[in-house]
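**Q** Quick one: the structure is below, and I'll ask about it shortly.
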Amino acid sequence: MTIARRNVAHHYDLSEKFYSLFLDSDRQYSCAYFGNPGATLEQAQAAKKRHIMAKLLLEPGQKVLDIGCGWGGLALTMAQEADVEVTGITLSEQQLQVARQRAEEAQLSHRVHFVLADYRQISDRFDRIVSVGMFEHVGIDHYYAFFRRMRDLLTERGVALLHAIGRSHGSGVTNAWIRKYIFPGGYSPALSEVLPAVEASGLLATDIEIWRPRHYAETLRHWRNRFMERRTKALALYDERFCRMWEFYLAGAECAFRHQGHMVWQMQLAKHADSVPMTRDYVTAAAASYPQS
């Protein structure tokens with residue numbers, strides 16, 4: 001097993017029953033979008049997906065690559081609501097199994113294909129590329145190679161959207177406890193560490209949006225509350241040490257966003273500046289065109 005596979009397995013190959021204790025019904029394991037402060041977790045996660053789909057400028061029949069597809073929620077939503085063909089890749093065997101099962105249940109297996117693969121193993125070209133919550137696992141030494149690969153996988157008029165956790169105050173290091181027990185190999189970069197690799201790749205950053213800390217802090221608050229409400233079920237799956245570790249992780253992560261300069265950034269990328277509209281008004285309009293939860 002490669003280092004990347006081993007790091008992914010440490011966190012994402014936990015029991016699917018465990019993640020269902022605190023995630024929303026679509027199993028979105030990334031920052032939700034609280035445009036409405038009173039939104040439920042389900043509503044905010046659905047809004048996140050609409051926001052991403054709007055920035056991708058999806059059109060029927062396009063080929064989309066979802067790098068780090070998780071349990072398949074975004075890929076299935078894109079196929080269902082935008083009539084596109086999606087290839088979702090993951091290094092987690094547990095996620096792959098669930099995603100494929102969900103595609104079959106939704107009768108979308110003919111348009112959504114989930115594969116156990118690293119982005120470096122993909123050789124096709126795609127009209128759209130999206131990656132949500134995966135870039136934190138790429139590793140700073142691989143940023144230049146990552147964006148060059150994204151450039152090679154994107155068609156000439158293609159558009160990509162990258163959604164990741166970042167640092168507002170410049171470069172740093174991953175907390176030693178988080179690195180050992182939760183996300184081995186993980187690192188959330190400052191944009192100053194990312195943009196040089198983008199510029200060297202031949203891609204253009206056509207839009208950069210900073211999601212203020214409250215979005216992820218609220219997401220984590222919802223996850224932590226749900227976890228605590230179902231803690232006895234988590235205890236039945238694992239043990240007391242594991243449950244305390246996850247309590248600490250969820251609480252600590254929330255504090256990192258509320259008080260320690262963590263944020264989420266979204267970067268839209270293209271080979272040509274005119275591959276996307278001149279102004280970003282289209283994002284709100286396109287997001288509103290999708291079914292509202």
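Chain lettering (A, B, ...) mirrors the order of the structure tokens, residue numbering begins at 1 for each chain separately, and ligand numbering begins at 1 in order of display.
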Please return as a PyMOL selection string: the residues of range 171-240 of chain A that backbone DSSP assigns to alpha helix (DSSP H).
**A** chain A and resi 176-181+191-201+214-229+231-237+240
**Q** Run DSSP on the backbone and tell me which residues of range 144-259 of chain A come out as strand (DSSP E or B); list them as a PyMOL selection string.
**A** chain A and resi 154-167+190+204-211
**Q** Could you build a table of the residues in range 123-156 of chain A lying no more than 12 Å from range 251-267 of chain A, giving for each the nearest pair of atoms and their separation in Å rounded to one decimal place, using only C-alpha atoms, ordered by chain and ascending residue number, as a Markdown table?
**A**
```
| residue | atom | partner | partner_atom | distance |
| --- | --- | --- | --- | --- |
| A:Ile129 | CA | A:Met267 | CA | 11.7 |
| A:Val130 | CA | A:Met267 | CA | 10.1 |
| A:Ser131 | CA | A:Gln266 | CA | 9.8 |
| A:Val132 | CA | A:Gln266 | CA | 9.0 |
| A:Gly133 | CA | A:Val264 | CA | 9.6 |
| A:Phe135 | CA | A:Trp265 | CA | 11.0 |
| A:Glu136 | CA | A:Val264 | CA | 11.0 |
| A:Phe147 | CA | A:Met267 | CA | 12.0 |
```
**Q** Keeping C-alpha atoms for every residue in the selection just given, could you write it to a file as an mmCIF file, in the first residue's frame?
**A**
```
data_model
loop_
_atom_site.group_PDB
_atom_site.id
_atom_site.type_symbol
_atom_site.label_atom_id
_atom_site.label_comp_id
_atom_site.auth_asym_id
_atom_site.auth_seq_id
_atom_site.Cartn_x
_atom_site.Cartn_y
_atom_site.Cartn_z
ATOM 1 C CA ILE A 129 -12.657 18.926 -12.835
ATOM 2 C CA VAL A 130 -13.751 19.355 -9.221
ATOM 3 C CA SER A 131 -11.971 18.485 -6.004
ATOM 4 C CA VAL A 132 -13.509 19.116 -2.586
ATOM 5 C CA GLY A 133 -11.604 18.464 0.637
ATOM 6 C CA PHE A 135 -6.135 19.020 -1.634
ATOM 7 C CA GLU A 136 -5.236 19.023 2.075
ATOM 8 C CA PHE A 147 -1.582 21.431 -10.903
#
```
**Q** As a PyMOL selection string, please: the residues near His222 in chain A (cut-off 7 Å, only C-alpha atoms, same-chain neighbours under 4 positions excluded).
**A** chain A and resi 41+218+226
**Q** Got time to write the residues from that selection, C-alpha atoms, as a PDB file, in the first residue's frame?
**A**
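And here's part.pdb as it stands now:
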```pdb
ATOM      1  CA  LEU A  41     -26.824  21.064   8.132  1.00  0.00           C
ATOM      2  CA  GLU A 218     -20.817  26.020  12.157  1.00  0.00           C
ATOM      3  CA  ARG A 226     -24.697  15.055  16.354  1.00  0.00           C
TER       4      ARG A 226
END
```
**Q** Which residue, A:Val112, A:Ala287, A:Leu195, A:Cys31, has the smallest gap to Glu85 in chain A when you use only C-alpha atoms?
**A**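 Among the listed residues, A:Val112 lies closest to Glu85 in chain A.
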**Q** What are the nearest atom pairs, with distances in Å to one decimal, for all residues of range 171-233 of chain A that come at most 12 Å from range 21-28 of chain A, using only C-alpha atoms, set out by chain and rising residue number as CSV?
**A**
```
residue,atom,partner,partner_atom,distance
A:Thr219,CA,A:Leu23,CA,9.5
A:Leu220,CA,A:Phe22,CA,9.8
A:Arg221,CA,A:Phe22,CA,10.4
A:His222,CA,A:Phe22,CA,7.9
A:Trp223,CA,A:Phe22,CA,5.1
A:Arg224,CA,A:Phe22,CA,7.3
A:Asn225,CA,A:Phe22,CA,8.0
A:Arg226,CA,A:Phe22,CA,4.9
A:Phe227,CA,A:Phe22,CA,5.1
A:Met228,CA,A:Phe22,CA,8.7
A:Glu229,CA,A:Leu21,CA,8.8
A:Arg230,CA,A:Leu21,CA,6.4
A:Arg231,CA,A:Leu21,CA,8.5
A:Thr232,CA,A:Leu21,CA,10.3
A:Lys233,CA,A:Leu21,CA,7.9
```
**Q** Can you write out the residues you just picked, keeping N, CA and C atoms, as a tab-separated table (two decimals), in the first residue's frame?
**A**
```tsv
chain	number	residue	atom	x	y	z
A	219	THR	N	-20.33	24.20	10.62
A	219	THR	CA	-20.38	22.81	10.16
A	219	THR	C	-19.88	21.87	11.25
A	220	LEU	N	-18.75	22.21	11.83
A	220	LEU	CA	-18.16	21.38	12.88
A	220	LEU	C	-19.02	21.36	14.13
A	221	ARG	N	-19.67	22.47	14.43
A	221	ARG	CA	-20.57	22.50	15.59
A	221	ARG	C	-21.71	21.51	15.39
A	222	HIS	N	-22.28	21.49	14.18
A	222	HIS	CA	-23.34	20.53	13.88
A	222	HIS	C	-22.82	19.10	14.00
A	223	TRP	N	-21.64	18.84	13.43
A	223	TRP	CA	-21.08	17.48	13.51
A	223	TRP	C	-20.84	17.06	14.95
A	224	ARG	N	-20.27	17.97	15.74
A	224	ARG	CA	-19.97	17.64	17.14
A	224	ARG	C	-21.24	17.38	17.94
A	225	ASN	N	-22.26	18.22	17.74
A	225	ASN	CA	-23.52	18.01	18.44
A	225	ASN	C	-24.16	16.67	18.08
A	226	ARG	N	-24.13	16.34	16.79
A	226	ARG	CA	-24.70	15.05	16.35
A	226	ARG	C	-23.89	13.88	16.90
A	227	PHE	N	-22.58	14.04	16.90
A	227	PHE	CA	-21.73	12.98	17.44
A	227	PHE	C	-22.03	12.75	18.91
A	228	MET	N	-22.16	13.81	19.67
A	228	MET	CA	-22.41	13.67	21.11
A	228	MET	C	-23.79	13.08	21.38
A	229	GLU	N	-24.76	13.41	20.54
A	229	GLU	CA	-26.10	12.84	20.70
A	229	GLU	C	-26.11	11.33	20.45
A	230	ARG	N	-25.16	10.86	19.63
A	230	ARG	CA	-25.13	9.44	19.26
A	230	ARG	C	-23.85	8.77	19.77
A	231	ARG	N	-23.27	9.34	20.80
A	231	ARG	CA	-21.99	8.85	21.28
A	231	ARG	C	-22.04	7.38	21.70
A	232	THR	N	-23.14	6.94	22.27
A	232	THR	CA	-23.23	5.55	22.69
A	232	THR	C	-23.15	4.60	21.49
A	233	LYS	N	-23.66	5.05	20.34
A	233	LYS	CA	-23.57	4.23	19.13
A	233	LYS	C	-22.13	4.18	18.62
```
**Q** Nearest to Ala103 in chain A: which of A:Ala286, A:Ser30, A:Val64, A:Leu76 is it, counting only C-alpha atoms?
**A**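 Of A:Ala286, A:Ser30, A:Val64, A:Leu76, the one nearest Ala103 in chain A is A:Leu76, counting only C-alpha atoms.
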**Q** Point out the residue among A:Gly158, A:Gly61, A:Gly202, A:Pro277 with the least atom-to-atom distance to Asp83 in chain A, counting only C-alpha atoms.
**A**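 Answer, going by the shortest atom-to-atom distance: A:Gly61.
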**Q** Just the number, please: distance in Å from CA of Arg50 in chain A to CA of Glu81 in chain A, one decimal.
**A**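 Going from CA of Arg50 in chain A over to CA of Glu81 in chain A, I get 9.7 Å.
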**Q** Which of these residues is nearest to Phe126 in chain A, using only C-alpha atoms: A:Met150, A:Ala285, A:Cys243, A:Val276?
**A**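 Checking each candidate against Phe126 in chain A, we get A:Met150 as the closest.
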**Q** Would you list the contacts of Val159 in chain A as a VMD selection string, taking every protein, DNA or RNA residue within 6 Å and counting only C-alpha atoms, but skipping same-chain residues closer than 5 positions in sequence?
**A** chain A and resid 128 269 to 270
**Q** May I ask for the distance between CA of Trp211 in chain A and CA of His163 in chain A, given in Å to one decimal place?
**A**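 Distance reported for this atom pair: 10.0 Å.
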**Q** Show me, as CSV, the residues of range 12-79 of chain A having an atom within 9 Å of range 114-123 of chain A, each with the closest atom pair and its distance in Å, using only C-alpha atoms.
**A**
```
residue,atom,partner,partner_atom,distance
A:Ile67,CA,A:Tyr119,CA,6.6
A:Gly68,CA,A:Tyr119,CA,8.5
A:Cys69,CA,A:Phe114,CA,8.1
A:Gly72,CA,A:Phe114,CA,7.9
```
**Q** Point out the residue among A:Ala234, A:Met134, A:Ile89, A:Ile210 with the least atom-to-atom distance to Tyr29 in chain A, counting only C-alpha atoms.
**A**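 Nearest to Tyr29 in chain A: A:Met134.
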**Q** So the first atom is CA of Ala190 in chain A and the second is CA of Ala32 in chain A; what is the distance between them in Å, to one decimal place?
**A**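 CA of Ala190 in chain A sits 20.2 Å away from CA of Ala32 in chain A.
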**Q** Have a look at A:Arg212, A:Lys63, A:His10, A:Arg151 and name the one nearest to Asp127 in chain A; count only C-alpha atoms.
**A**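 Nearest candidate to Asp127 in chain A out of A:Arg212, A:Lys63, A:His10, A:Arg151: A:Lys63.
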**Q** Do you know which residues are at most 10 Å from Gly35 in chain A counting only C-alpha atoms, after dropping those on the same chain fewer than 5 positions away, and could you put them as number ranges by chain?
**A** A: 43-44, 47-48, 215
**Q** Taking 2 positions as the minimum chain separation for residues in the same chain, which residues sit within 9 Å of Gln94 in chain A when counting only C-alpha atoms? Answer as a list in words.
**A**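 Listing them by chain and then by number gives Ala9, Tyr12, Asp13, Leu14, Ser15, Glu16, Trp71, Ser92, Leu96, Gln97, Val98 and Ala99 of chain A.
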**Q** Could you turn the residues from that selection into a file that holds all heavy atoms, as a compact mmCIF listing (two decimals), in the first residue's frame?
**A**
```
# COMPACT_ATOMS: atom_id res chain seq x y z
N ALA A 9 -6.59 5.58 4.30
CA ALA A 9 -7.24 4.48 5.02
C ALA A 9 -7.34 4.76 6.52
O ALA A 9 -8.34 4.40 7.16
CB ALA A 9 -6.48 3.18 4.78
N TYR A 12 -10.40 7.64 6.45
CA TYR A 12 -11.63 7.49 5.66
C TYR A 12 -12.13 6.06 5.56
O TYR A 12 -13.26 5.83 5.11
CB TYR A 12 -11.41 8.06 4.25
CG TYR A 12 -11.14 9.55 4.27
CD1 TYR A 12 -9.84 10.04 4.20
CD2 TYR A 12 -12.18 10.47 4.40
CE1 TYR A 12 -9.59 11.40 4.24
CE2 TYR A 12 -11.95 11.82 4.44
CZ TYR A 12 -10.65 12.29 4.36
OH TYR A 12 -10.41 13.64 4.41
N ASP A 13 -11.33 5.09 5.97
CA ASP A 13 -11.79 3.71 5.96
C ASP A 13 -12.36 3.26 7.30
O ASP A 13 -12.50 2.07 7.55
CB ASP A 13 -10.66 2.76 5.52
CG ASP A 13 -10.52 2.72 4.00
OD1 ASP A 13 -11.41 3.24 3.30
OD2 ASP A 13 -9.50 2.18 3.50
N LEU A 14 -12.68 4.23 8.15
CA LEU A 14 -13.45 3.90 9.34
C LEU A 14 -14.84 3.43 8.89
O LEU A 14 -15.25 3.66 7.76
CB LEU A 14 -13.59 5.12 10.25
CG LEU A 14 -12.29 5.66 10.86
CD1 LEU A 14 -12.57 6.96 11.62
CD2 LEU A 14 -11.66 4.63 11.79
N SER A 15 -15.56 2.79 9.80
CA SER A 15 -16.87 2.26 9.46
C SER A 15 -17.79 3.32 8.87
O SER A 15 -17.89 4.43 9.39
CB SER A 15 -17.52 1.67 10.72
OG SER A 15 -18.88 1.41 10.51
N GLU A 16 -18.47 2.96 7.79
CA GLU A 16 -19.45 3.87 7.19
C GLU A 16 -20.56 4.17 8.18
O GLU A 16 -21.12 5.28 8.18
CB GLU A 16 -20.01 3.22 5.91
CG GLU A 16 -20.91 4.11 5.08
CD GLU A 16 -22.36 3.95 5.48
OE1 GLU A 16 -22.72 2.87 5.98
OE2 GLU A 16 -23.15 4.92 5.28
N TRP A 71 -17.98 9.76 -0.50
CA TRP A 71 -19.03 8.75 -0.61
C TRP A 71 -19.95 9.01 -1.79
O TRP A 71 -21.01 8.43 -1.88
CB TRP A 71 -19.83 8.67 0.69
CG TRP A 71 -19.04 8.15 1.85
CD1 TRP A 71 -18.83 6.85 2.19
CD2 TRP A 71 -18.34 8.92 2.83
NE1 TRP A 71 -18.05 6.76 3.30
CE2 TRP A 71 -17.72 8.02 3.73
CE3 TRP A 71 -18.16 10.30 3.04
CZ2 TRP A 71 -16.96 8.44 4.81
CZ3 TRP A 71 -17.39 10.72 4.12
CH2 TRP A 71 -16.80 9.79 4.99
N SER A 92 -10.01 5.51 -0.89
CA SER A 92 -10.63 4.81 0.23
C SER A 92 -11.51 3.67 -0.29
O SER A 92 -12.48 3.90 -1.03
CB SER A 92 -11.48 5.77 1.06
OG SER A 92 -12.34 5.07 1.93
N LEU A 96 -15.38 3.93 -1.72
CA LEU A 96 -15.66 3.39 -3.04
C LEU A 96 -16.86 2.44 -3.01
O LEU A 96 -17.76 2.52 -3.86
CB LEU A 96 -14.43 2.64 -3.58
CG LEU A 96 -14.60 1.99 -4.95
CD1 LEU A 96 -14.70 3.04 -6.05
CD2 LEU A 96 -13.43 1.05 -5.24
N GLN A 97 -16.89 1.56 -2.04
CA GLN A 97 -17.97 0.59 -1.92
C GLN A 97 -19.32 1.30 -1.74
O GLN A 97 -20.31 0.96 -2.40
CB GLN A 97 -17.70 -0.33 -0.74
CG GLN A 97 -18.75 -1.40 -0.51
CD GLN A 97 -18.42 -2.29 0.68
OE1 GLN A 97 -17.29 -2.30 1.17
NE2 GLN A 97 -19.39 -3.04 1.15
N VAL A 98 -19.35 2.28 -0.85
CA VAL A 98 -20.60 3.01 -0.59
C VAL A 98 -21.02 3.81 -1.81
O VAL A 98 -22.19 3.83 -2.19
CB VAL A 98 -20.45 3.93 0.63
CG1 VAL A 98 -21.67 4.83 0.80
CG2 VAL A 98 -20.23 3.11 1.89
N ALA A 99 -20.07 4.50 -2.45
CA ALA A 99 -20.39 5.33 -3.61
C ALA A 99 -20.97 4.49 -4.75
O ALA A 99 -21.96 4.89 -5.38
CB ALA A 99 -19.14 6.07 -4.09
```
